[in-house]
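Text of the file data38.txt, holding compact mmCIF, C-alpha atoms and all ligand atoms:
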# COMPACT_ATOMS: atom_id res chain seq x y z
CA MET B 1 30.78 -0.35 -0.58
CA PRO B 2 28.91 2.70 0.74
CA LEU B 3 26.88 4.83 -1.63
CA LEU B 4 26.74 8.63 -1.67
CA PHE B 5 24.05 10.75 -3.31
CA LYS B 6 26.10 13.89 -3.81
CA ASN B 7 24.57 17.36 -3.77
CA ILE B 8 21.00 16.24 -4.21
CA TYR B 9 17.62 17.70 -3.23
CA TYR B 10 16.14 15.58 -0.44
CA THR B 11 13.26 15.75 2.04
CA ASP B 12 14.36 16.10 5.65
CA GLU B 13 12.50 14.59 8.62
CA ASN B 14 10.03 17.51 8.59
CA PHE B 15 9.52 17.09 4.84
CA GLU B 16 11.28 20.35 4.12
CA ILE B 17 13.39 20.29 0.98
CA GLN B 18 17.14 20.47 1.62
CA THR B 19 20.23 20.22 -0.56
CA GLY B 20 23.06 18.04 0.66
CA SER B 21 24.58 14.59 0.39
CA VAL B 22 23.06 11.39 1.70
CA GLU B 23 25.15 8.31 2.43
CA VAL B 24 23.85 4.74 2.45
CA GLU B 25 25.84 2.01 4.14
CA GLY B 26 24.46 -1.53 4.29
CA LYS B 27 20.72 -1.36 4.94
CA TYR B 28 20.75 2.09 6.51
CA ILE B 29 21.09 5.78 5.84
CA SER B 30 24.41 6.25 7.60
CA ARG B 31 24.95 9.97 7.26
CA VAL B 32 23.45 13.15 5.88
CA TYR B 33 25.97 15.87 4.99
CA ASP B 34 25.32 19.57 4.33
CA ASN B 35 28.44 19.62 2.17
CA ALA B 36 29.70 16.69 0.13
CA PRO B 37 32.82 15.03 1.58
CA GLU B 38 35.98 15.34 -0.55
CA ASN B 39 37.59 12.21 -2.07
CA TYR B 40 34.72 9.97 -0.98
CA ALA B 41 35.68 6.29 -0.74
CA GLY B 42 32.56 4.67 -2.16
CA THR B 43 30.14 4.86 -5.06
CA VAL B 44 29.14 8.44 -5.80
CA ILE B 45 25.89 9.35 -7.57
CA ASP B 46 25.79 12.91 -8.84
CA GLY B 47 22.56 14.42 -7.55
CA ALA B 48 22.34 17.29 -10.03
CA GLY B 49 18.77 17.56 -11.33
CA LYS B 50 17.55 14.80 -9.00
CA ILE B 51 15.37 14.51 -5.90
CA LEU B 52 15.82 11.85 -3.23
CA ILE B 53 12.63 10.95 -1.36
CA PRO B 54 11.79 8.23 1.16
CA GLY B 55 10.43 5.15 -0.62
CA LEU B 56 6.66 5.30 -1.05
CA VAL B 57 4.49 2.94 0.99
CA ASN B 58 1.36 1.57 -0.68
CA THR B 59 -0.83 0.61 2.29
CA HIS B 60 -3.72 -1.11 0.55
CA THR B 61 -3.35 -3.63 -2.27
CA HIS B 62 -4.52 -7.00 -3.56
CA VAL B 63 -1.49 -7.47 -5.73
CA PRO B 64 -2.33 -10.68 -7.68
CA MET B 65 -5.39 -8.85 -9.02
CA THR B 66 -3.18 -7.29 -11.71
CA LEU B 67 -4.43 -10.32 -13.66
CA LEU B 68 -7.91 -8.74 -13.63
CA ARG B 69 -6.87 -5.32 -14.92
CA GLY B 70 -9.68 -4.15 -17.22
CA TYR B 71 -11.64 -7.41 -16.86
CA GLY B 72 -15.45 -7.03 -16.79
CA GLU B 73 -15.47 -3.24 -16.95
CA GLY B 74 -18.64 -1.26 -17.48
CA LEU B 75 -20.84 -3.04 -14.92
CA ALA B 76 -22.47 -1.93 -11.68
CA LEU B 77 -20.49 -2.84 -8.55
CA GLN B 78 -22.40 -5.95 -7.37
CA GLU B 79 -22.76 -7.33 -10.92
CA TRP B 80 -19.06 -6.70 -11.58
CA LEU B 81 -18.06 -8.51 -8.37
CA ASN B 82 -20.51 -11.45 -8.57
CA ASP B 83 -20.47 -12.11 -12.32
CA LYS B 84 -16.89 -11.23 -13.21
CA ILE B 85 -14.41 -10.77 -10.36
CA PHE B 86 -15.37 -13.66 -8.04
CA PRO B 87 -15.59 -16.32 -10.81
CA PHE B 88 -12.21 -15.17 -12.19
CA GLU B 89 -10.63 -15.31 -8.74
CA GLY B 90 -12.14 -18.77 -8.20
CA ARG B 91 -10.07 -20.08 -11.09
CA MET B 92 -6.81 -18.43 -10.11
CA THR B 93 -4.11 -20.92 -9.11
CA ASP B 94 -1.13 -20.29 -6.82
CA GLU B 95 1.11 -19.93 -9.87
CA ASP B 96 -1.28 -17.45 -11.51
CA ALA B 97 -1.28 -15.36 -8.33
CA TYR B 98 2.52 -15.47 -8.22
CA TRP B 99 2.87 -14.10 -11.77
CA GLY B 100 0.20 -11.48 -11.13
CA ALA B 101 1.99 -10.42 -7.95
CA LEU B 102 5.32 -10.07 -9.78
CA VAL B 103 3.75 -7.75 -12.35
CA GLY B 104 2.06 -5.63 -9.68
CA ILE B 105 5.32 -5.40 -7.73
CA ALA B 106 7.21 -4.37 -10.89
CA ASP B 107 4.65 -1.59 -11.38
CA MET B 108 5.16 -0.45 -7.79
CA LEU B 109 8.97 -0.58 -7.83
CA SER B 110 9.03 1.50 -10.99
CA CYS B 111 7.05 4.27 -9.29
CA GLY B 112 9.25 4.41 -6.19
CA VAL B 113 7.20 2.16 -3.90
CA THR B 114 9.46 0.29 -1.48
CA SER B 115 6.79 -1.42 0.63
CA PHE B 116 3.14 -2.43 0.38
CA THR B 117 0.36 -3.85 2.56
CA ASP B 118 -1.55 -6.66 0.89
CA MET B 119 -4.64 -8.68 1.62
CA TYR B 120 -5.43 -11.65 -0.58
CA ASP B 121 -5.47 -15.38 -1.17
CA HIS B 122 -2.46 -17.51 -2.29
CA THR B 123 -0.41 -15.44 0.17
CA GLN B 124 2.58 -17.80 0.34
CA PHE B 125 3.01 -17.25 -3.40
CA VAL B 126 2.75 -13.49 -2.95
CA ALA B 127 5.45 -13.86 -0.28
CA ARG B 128 7.63 -15.72 -2.78
CA ALA B 129 7.20 -12.81 -5.24
CA VAL B 130 8.14 -10.34 -2.49
CA LYS B 131 11.23 -12.38 -1.66
CA GLU B 132 12.38 -12.53 -5.28
CA THR B 133 11.81 -8.87 -6.17
CA GLY B 134 13.49 -7.20 -3.18
CA ILE B 135 10.45 -5.13 -2.13
CA LYS B 136 9.02 -5.06 1.43
CA ALA B 137 5.48 -6.13 2.25
CA ASN B 138 3.02 -6.67 5.07
CA LEU B 139 0.98 -9.69 4.00
CA GLY B 140 -2.30 -11.04 5.25
CA ARG B 141 -4.65 -13.85 4.24
CA GLY B 142 -8.04 -12.12 4.07
CA ILE B 143 -10.59 -13.82 6.32
CA VAL B 144 -14.19 -14.14 5.13
CA GLU B 145 -16.49 -16.20 7.35
CA PHE B 146 -20.21 -15.77 6.84
CA GLY B 147 -22.72 -17.83 8.77
CA GLY B 148 -22.02 -19.37 12.15
CA GLY B 149 -18.45 -20.53 11.53
CA ASP B 150 -15.66 -19.77 13.92
CA LEU B 151 -12.18 -18.43 13.17
CA TYR B 152 -10.30 -21.53 14.26
CA SER B 153 -12.29 -23.89 12.05
CA SER B 154 -11.84 -21.66 8.99
CA PRO B 155 -9.53 -23.07 6.28
CA ARG B 156 -8.62 -19.45 5.50
CA HIS B 157 -7.37 -19.00 9.03
CA ARG B 158 -5.27 -22.16 8.70
CA GLU B 159 -3.69 -20.58 5.62
CA ALA B 160 -3.08 -17.37 7.57
CA VAL B 161 -1.33 -19.35 10.32
CA GLU B 162 0.79 -21.21 7.74
CA LEU B 163 1.78 -17.90 6.18
CA ILE B 164 2.82 -16.57 9.58
CA GLU B 165 4.74 -19.74 10.48
CA ASN B 166 6.66 -19.78 7.22
CA TRP B 167 7.18 -16.11 6.44
CA GLN B 168 6.99 -13.90 9.55
CA GLY B 169 10.13 -11.72 9.57
CA ALA B 170 11.53 -13.43 6.45
CA CYS B 171 14.09 -11.81 4.12
CA GLY B 172 15.75 -9.83 6.90
CA GLY B 173 12.41 -8.46 8.08
CA ARG B 174 11.27 -7.36 4.62
CA ILE B 175 8.17 -9.53 5.09
CA ILE B 176 5.82 -8.89 8.00
CA CYS B 177 2.73 -11.09 8.33
CA GLU B 178 -0.52 -9.67 9.65
CA ALA B 179 -4.00 -10.76 10.56
CA SER B 180 -6.41 -9.74 7.86
CA LEU B 181 -10.16 -9.41 8.12
CA HIS B 182 -11.92 -8.69 4.85
CA ALA B 183 -14.66 -6.45 6.29
CA GLU B 184 -17.47 -6.01 8.81
CA TYR B 185 -20.09 -7.45 6.43
CA THR B 186 -18.17 -10.61 5.43
CA SER B 187 -17.62 -12.24 8.83
CA ASN B 188 -19.73 -12.92 11.88
CA GLU B 189 -19.11 -11.30 15.27
CA THR B 190 -17.55 -14.40 16.86
CA VAL B 191 -14.89 -14.43 14.16
CA VAL B 192 -14.21 -10.71 14.57
CA ARG B 193 -13.78 -11.02 18.34
CA GLN B 194 -11.59 -14.11 17.94
CA MET B 195 -9.43 -12.30 15.41
CA ALA B 196 -8.95 -9.35 17.77
CA ARG B 197 -7.69 -11.75 20.46
CA PHE B 198 -5.61 -13.81 18.02
CA ALA B 199 -3.83 -10.67 16.76
CA LYS B 200 -3.24 -9.46 20.31
CA ASN B 201 -1.87 -12.80 21.56
CA SER B 202 0.39 -13.11 18.50
CA SER B 203 1.44 -9.39 18.40
CA LEU B 204 0.12 -8.99 14.85
CA GLY B 205 -1.12 -5.94 13.04
CA ILE B 206 -4.56 -6.11 11.40
CA HIS B 207 -5.51 -5.10 7.86
CA LEU B 208 -9.19 -4.66 6.98
CA HIS B 209 -11.68 -2.74 4.82
CA LEU B 210 -13.68 -0.09 6.68
CA SER B 211 -16.68 2.03 5.64
CA GLU B 212 -15.89 1.81 1.93
CA THR B 213 -19.44 2.26 0.67
CA HIS B 214 -22.52 4.08 1.88
CA ARG B 215 -24.42 0.80 1.79
CA GLU B 216 -21.87 -0.91 4.05
CA GLN B 217 -22.18 1.90 6.59
CA ASP B 218 -26.00 2.01 6.47
CA ASP B 219 -26.49 -1.78 6.60
CA CYS B 220 -24.20 -2.06 9.61
CA VAL B 221 -26.11 0.64 11.50
CA LEU B 222 -29.41 -1.07 10.59
CA SER B 223 -28.35 -4.58 11.58
CA ARG B 224 -26.00 -3.90 14.52
CA GLY B 225 -27.18 -0.49 15.68
CA VAL B 226 -23.64 0.90 15.41
CA THR B 227 -21.24 1.97 12.68
CA PRO B 228 -18.53 -0.46 11.46
CA ALA B 229 -15.83 1.56 13.29
CA ARG B 230 -17.77 1.45 16.61
CA TYR B 231 -18.43 -2.28 16.07
CA PHE B 232 -14.73 -3.05 15.50
CA GLU B 233 -13.83 -0.92 18.52
CA ASP B 234 -16.35 -2.84 20.68
CA CYS B 235 -14.99 -6.16 19.40
CA GLY B 236 -11.43 -5.20 20.43
CA ILE B 237 -10.00 -5.05 16.90
CA PHE B 238 -8.52 -1.57 17.38
CA GLU B 239 -6.51 -2.65 20.40
CA ASN B 240 -4.11 -3.85 17.69
CA ARG B 241 -2.12 -1.77 15.19
CA THR B 242 -4.64 -1.59 12.35
CA THR B 243 -4.64 -0.47 8.73
CA ALA B 244 -8.23 0.34 7.73
CA ALA B 245 -8.68 0.75 4.00
CA HIS B 246 -10.95 3.47 2.56
CA GLY B 247 -12.88 5.09 5.46
CA VAL B 248 -15.05 6.92 2.94
CA TRP B 249 -18.18 7.06 5.10
CA LEU B 250 -16.72 7.53 8.57
CA THR B 251 -18.72 9.73 10.94
CA ASP B 252 -17.09 12.32 13.19
CA GLU B 253 -17.46 9.91 16.11
CA ASP B 254 -15.82 7.13 14.04
CA MET B 255 -12.88 9.44 13.34
CA ASP B 256 -12.49 10.16 17.05
CA ILE B 257 -12.42 6.42 17.78
CA LEU B 258 -9.71 5.86 15.15
CA ALA B 259 -7.70 8.87 16.38
CA SER B 260 -7.69 7.45 19.90
CA ARG B 261 -6.30 4.12 18.67
CA ALA B 262 -3.30 2.99 16.59
CA VAL B 263 -5.47 2.88 13.48
CA THR B 264 -4.31 4.25 10.14
CA VAL B 265 -6.86 4.90 7.40
CA ALA B 266 -5.44 3.87 4.03
CA HIS B 267 -6.92 6.48 1.72
CA CYS B 268 -7.46 5.05 -1.78
CA PRO B 269 -8.72 8.00 -3.84
CA ALA B 270 -8.51 6.42 -7.31
CA SER B 271 -10.34 3.24 -6.30
CA ASN B 272 -13.04 5.18 -4.41
CA LEU B 273 -13.64 7.40 -7.44
CA LYS B 274 -13.65 4.58 -9.98
CA LEU B 275 -16.01 2.32 -8.03
CA GLY B 276 -18.30 5.24 -7.22
CA SER B 277 -17.76 4.78 -3.47
CA GLY B 278 -17.35 8.48 -2.79
CA ILE B 279 -14.61 10.75 -1.47
CA ALA B 280 -13.20 10.22 2.03
CA LYS B 281 -13.19 13.27 4.31
CA VAL B 282 -9.42 13.30 4.62
CA PRO B 283 -9.05 16.96 5.72
CA ASP B 284 -11.50 16.26 8.59
CA MET B 285 -9.56 13.12 9.54
CA LEU B 286 -6.29 15.05 9.62
CA LYS B 287 -7.90 17.79 11.74
CA ARG B 288 -9.19 15.19 14.21
CA GLY B 289 -5.77 13.55 14.49
CA VAL B 290 -6.47 10.38 12.50
CA ALA B 291 -3.37 8.88 10.84
CA VAL B 292 -4.01 8.73 7.08
CA SER B 293 -1.79 6.85 4.62
CA LEU B 294 -2.26 6.16 0.91
CA GLY B 295 -3.10 3.08 -1.12
CA THR B 296 -3.84 2.16 -4.69
CA ASP B 297 -6.17 -0.78 -3.94
CA SER B 298 -6.12 -3.40 -6.71
CA ALA B 299 -5.35 -3.03 -10.39
CA SER B 300 -8.97 -3.86 -11.17
CA SER B 301 -10.23 -0.79 -9.33
CA ASN B 302 -7.49 1.78 -10.08
CA ASN B 303 -6.35 0.46 -12.77
CA ASN B 304 -2.66 0.43 -11.88
CA MET B 305 -0.42 0.30 -8.85
CA ASN B 306 1.23 3.66 -9.54
CA LEU B 307 0.98 5.33 -6.15
CA LEU B 308 2.21 8.64 -7.60
CA GLY B 309 -1.19 8.89 -9.30
CA ASP B 310 -2.89 8.62 -5.90
CA LEU B 311 -0.58 11.27 -4.42
CA ARG B 312 -1.70 13.66 -7.12
CA LEU B 313 -5.38 12.75 -6.67
CA ALA B 314 -5.20 13.08 -2.87
CA ALA B 315 -3.69 16.53 -3.25
CA MET B 316 -6.30 17.58 -5.83
CA ILE B 317 -9.71 16.19 -4.93
CA HIS B 318 -10.01 17.46 -1.36
CA PRO B 319 -9.51 21.14 -2.23
CA GLY B 320 -12.13 20.57 -4.93
CA VAL B 321 -14.64 19.05 -2.54
CA THR B 322 -14.11 21.48 0.35
CA ARG B 323 -13.50 24.51 -1.89
CA ASP B 324 -10.50 25.20 0.31
CA PRO B 325 -7.15 24.93 -1.53
CA LEU B 326 -5.32 24.85 1.82
CA CYS B 327 -7.25 21.90 3.34
CA ILE B 328 -4.44 19.52 2.41
CA THR B 329 -0.88 20.39 1.41
CA ALA B 330 1.73 18.70 -0.76
CA LYS B 331 3.66 18.08 2.45
CA ASP B 332 0.65 16.36 4.07
CA VAL B 333 0.31 14.08 1.06
CA LEU B 334 3.99 13.14 0.88
CA ARG B 335 4.01 12.35 4.61
CA MET B 336 0.92 10.16 4.12
CA ALA B 337 2.64 8.29 1.29
CA THR B 338 5.87 7.65 3.22
CA VAL B 339 6.39 7.88 6.98
CA VAL B 340 2.72 7.51 7.96
CA GLY B 341 2.44 4.41 5.77
CA ALA B 342 5.66 2.97 7.20
CA LYS B 343 4.35 3.47 10.75
CA ALA B 344 1.06 1.82 9.78
CA GLN B 345 3.14 -1.20 8.78
CA GLY B 346 4.90 -1.18 12.14
CA ARG B 347 8.15 -0.21 10.42
CA THR B 348 9.23 2.56 12.76
CA ASP B 349 12.71 2.95 11.22
CA CYS B 350 11.38 3.49 7.67
CA GLY B 351 9.83 6.41 5.80
CA LEU B 352 12.25 9.26 6.51
CA ILE B 353 15.58 10.43 5.15
CA LYS B 354 17.36 10.51 8.46
CA GLU B 355 20.52 8.99 9.87
CA GLY B 356 19.81 5.53 11.30
CA TYR B 357 16.69 5.00 9.21
CA ARG B 358 16.41 2.19 6.68
CA ALA B 359 17.70 3.07 3.23
CA ASP B 360 14.31 2.75 1.50
CA LEU B 361 14.58 5.47 -1.11
CA ALA B 362 13.50 6.65 -4.53
CA VAL B 363 15.36 8.97 -6.88
CA LEU B 364 13.29 11.20 -9.16
CA ASN B 365 14.74 12.85 -12.23
CA MET B 366 13.47 16.42 -12.43
CA LYS B 367 14.82 17.26 -15.88
CA ASN B 368 11.78 16.12 -17.85
CA PRO B 369 9.63 18.86 -19.45
CA HIS B 370 6.65 18.34 -17.11
CA MET B 371 8.90 19.00 -14.09
CA MET B 372 10.68 22.15 -15.33
CA PRO B 373 11.26 24.88 -14.37
CA VAL B 374 11.23 24.25 -10.64
CA HIS B 375 10.11 26.88 -8.15
CA ASP B 376 9.02 24.44 -5.46
CA VAL B 377 10.53 20.95 -5.33
CA LEU B 378 7.90 19.56 -2.96
CA THR B 379 4.97 20.47 -5.19
CA ASP B 380 6.92 19.13 -8.18
CA ILE B 381 7.00 15.71 -6.47
CA VAL B 382 3.29 15.66 -5.56
CA TYR B 383 1.59 17.49 -8.45
CA SER B 384 3.93 17.01 -11.42
CA ALA B 385 5.96 13.81 -11.05
CA GLN B 386 5.19 10.83 -13.26
CA GLN B 387 6.21 7.20 -12.95
CA SER B 388 8.71 7.78 -15.77
CA ASP B 389 10.60 10.25 -13.55
CA VAL B 390 11.52 7.50 -11.09
CA GLU B 391 15.07 6.58 -11.94
CA THR B 392 16.07 4.41 -9.01
CA THR B 393 14.30 2.54 -6.21
CA ILE B 394 16.32 1.31 -3.24
CA VAL B 395 15.08 -1.11 -0.56
CA ASP B 396 17.22 -1.78 2.53
CA GLY B 397 20.19 -0.24 0.70
CA GLU B 398 19.74 -2.55 -2.31
CA MET B 399 19.17 -0.99 -5.74
CA VAL B 400 16.17 -3.04 -6.90
CA TYR B 401 15.16 -0.83 -9.82
CA HIS B 402 17.41 1.40 -11.88
CA ASN B 403 16.85 3.08 -15.25
CA GLY B 404 14.05 0.75 -16.29
CA VAL B 405 15.80 -2.43 -15.13
CA PHE B 406 14.60 -4.66 -12.26
CA THR B 407 17.84 -5.95 -10.83
CA MET B 408 16.53 -9.00 -8.96
CA PHE B 409 14.04 -10.66 -11.31
CA ASP B 410 12.97 -11.00 -14.91
CA ALA B 411 9.99 -8.65 -15.30
CA ASP B 412 9.52 -9.47 -19.01
CA GLU B 413 9.05 -13.14 -18.18
CA ALA B 414 6.59 -12.22 -15.39
CA ILE B 415 4.53 -10.07 -17.76
CA GLU B 416 4.41 -12.83 -20.37
CA LYS B 417 3.38 -15.48 -17.82
CA ALA B 418 0.80 -13.16 -16.22
CA CYS B 419 -0.75 -12.50 -19.64
CA GLN B 420 -0.93 -16.26 -20.29
CA SER B 421 -2.62 -16.79 -16.90
CA ALA B 422 -5.13 -13.99 -17.49
CA LYS B 423 -5.98 -15.25 -20.97
CA ARG B 424 -6.39 -18.84 -19.81
CA ILE B 425 -8.76 -17.91 -16.97
CA ALA B 426 -10.83 -15.58 -19.16
CA SER B 427 -11.19 -18.26 -21.84
CA GLU B 428 -12.18 -20.91 -19.26
CA LEU B 429 -14.92 -18.59 -18.10
CA ASN B 430 -16.12 -17.91 -21.65
CA ILE B 431 -16.45 -21.62 -22.38
CA ARG B 432 -18.45 -22.27 -19.21
ZN ZN S 501 -9.40 -3.49 -1.08

This entry written out as structure tokens:
Amino acid sequence: MPLLFKNIYYTDENFEIQTGSVEVEGKYISRVYDNAPENYAGTVIDGAGKILIPGLVNTHTHVPMTLLRGYGEGLALQEWLNDKIFPFEGRMTDEDAYWGALVGIADMLSCGVTSFTDMYDHTQFVARAVKETGIKANLGRGIVEFGGGDLYSSPRHREAVELIENWQGACGGRIICEASLHAEYTSNETVVRQMARFAKNSSLGIHLHLSETHREQDDCVLSRGVTPARYFEDCGIFENRTTAAHGVWLTDEDMDILASRAVTVAHCPASNLKLGSGIAKVPDMLKRGVAVSLGTDSASSNNNMNLLGDLRLAAMIHPGVTRDPLCITAKDVLRMATVVGAKAQGRTDCGLIKEGYRADLAVLNMKNPHMMPVHDVLTDIVYSAQQSDVETTIVDGEMVYHNGVFTMFDADEAIEKACQSAKRIASELNIR
């Protein structure tokens, strides 16, 4: 039966706020009305006091890392990674990753995220979690290949190929598999060049980390004589649709390279602040024509998957840094978090409230005290909205989250199992 959001605030394709009625039929937005039709034959949702927005797209995650939320805090970056994060991850089983992924996905669905881009290990178990929860995801097995190894002899690459063989296009296209390269400093040049060709021959997008820290940028220039962005460009990586996480230390020339290619920078403001990486020059990127989307990064560097928090940060920190309150607008940020992210995922019919687009939507309740009174709906969404305002999340026309209930899976069980996994791994490490 079709579904009608009647007389509701919604964002049009230019991200202007309109009032009207939006109809969902099957997986698509079938019609947008200025005036509500009389005697509608379908389910009607009264839109009074509500805002309908395109589902948010979280373009940089490591979703099983919800198991590491708050683990090993209070250490310097390298110590934290080497002494805490890597040993914990080394003990994570497929099942652990599955439960962790479910919890991270629950967090995302309850803040209006309808799709995410993930790089991790245990990817077939992340895919299973995606299948069971109703969310969309672009998944990649992160490749790390130090030394002289080559891509095709890497066990990680074999896992990536298995993921692609088993899950590419699964769940009616909800799952898209990608090539995933951890970063410039974690693989040799042969591997990077092979990955560029592999992605091209297999028509895959690429997900990688780029210029996250000052040290990464400096070391690359010292050892290779070029920046990471120039290096990836020279290796052919950017001939593929690419999502490049962070981009904190990009030079002007780097930005021009990215702008000339189908590269989207996944801006992760919370993670960059927490890990002391710095603040990406997003207003400069936008001026130079670089596509910029938003990401949370993992729950161990954020410490949650609530993308609304990153919308607010993205809208706040850049005016602070540039001392120009107009350097980024609420509209810029909402576009980054929706249609730009969807495009980065290669989902060209997602991210807008427009006839013929996928019905990936979130409904925000604007009656809570921190949202009222309302002079400007758009700024209410970006500056004021909280996760608790998200009433409903819809993916491909399916209501997957509504009034605190996940309709396709048991989130309470997932939380309990994830806590057991986290406790077990932490205690194994303490005994060691
Ligand atoms: Zn990351």

* To do: Counting only C-alpha atoms and all ligand atoms, name the residues that have an atom within 9 Å of an atom of ligand ZN 501 (chain S); the answer should be given as a ChimeraX atom specification.
  => /B:60-62,118-119,182,208-209,212,245-246,268,271,296-298,301

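Between CA of Val103 in chain B and CA of Ile143 in chain B the separation is 24.3 Å.
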
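The smallest atom-to-atom distance between Ser223 in chain B and any of B:Lys331, B:Gly112, B:Leu250, B:Tyr185, using all atoms listed in the file, is found for B:Tyr185.
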
* Point out the residue among B:Ser154, B:Thr213, B:Gln168, B:Ser110 with the least atom-to-atom distance to Gln387 in chain B, counting all atoms listed in the file. =>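 Of B:Ser154, B:Thr213, B:Gln168, B:Ser110, the one nearest Gln387 in chain B is B:Ser110, counting all atoms listed in the file.
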
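Within the 9 Å cut-off around Thr117 in chain B, using all atoms listed in the file and omitting residues fewer than 3 positions from it on the same chain, the listed residues are Val57, Asn58, Thr59, His60, Thr61, His62, Lys136, Ala137, Asn138, Leu139, Gly140, His207, Thr243, Gly295 and Gln345 of chain B.
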
* Structure fact -> note - CA of Asp96 in chain B and CA of Arg156 in chain B are separated by 18.6 Å

* How far is it from CA of Leu361 in chain B to CA of Asn306 in chain B, in Å with one decimal? -> 15.9 Å

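Across B:Ser115, B:Glu25, B:Glu233, B:Asn302, the tightest approach to Lys343 in chain B is made by B:Ser115 when counting only C-alpha atoms.
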
* Between B:Gly309, B:Pro87, B:Gly42, B:Gly26, which has the minimum distance to Leu3 in chain B (counting all atoms listed in the file)? ->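 Checking each of B:Gly309, B:Pro87, B:Gly42, B:Gly26 against Leu3 in chain B, counting all atoms listed in the file, the winner is B:Gly42.
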
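Each of B:Gly351, B:Pro37, B:Gly236, B:Gly341 was compared to Ile53 in chain B using only C-alpha atoms, and B:Gly351 turns out to be the nearest.
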
* To do: Please return, as a PyMOL selection string, all polymer residues that have at least one atom within 12 Å of the point (-1.3, 26.4, -2.5); use only C-alpha atoms and the file's own coordinate frame.
  => chain B and resi 315-316+319+324-331+376+378-379+383

* Just the residues within 8 Å of range 364-370 of chain B, please, counting all atoms listed in the file, with nothing from its chain fewer than 4 positions along; format it as a list in words. =>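 Residues meeting the cut-off are Gly49, Lys50, Ile51, Leu52, Ile53, Ser384, Ala385, Asp389, Val390, Glu391 and Thr392 of chain B.
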
* Can you work out which one of B:Gly169, B:Gly134, B:Gly20, B:Gly276 has the shortest atom-to-atom distance to Ala76 in chain B, counting only C-alpha atoms? =>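 So, comparing all the options, the nearest one is B:Gly276.
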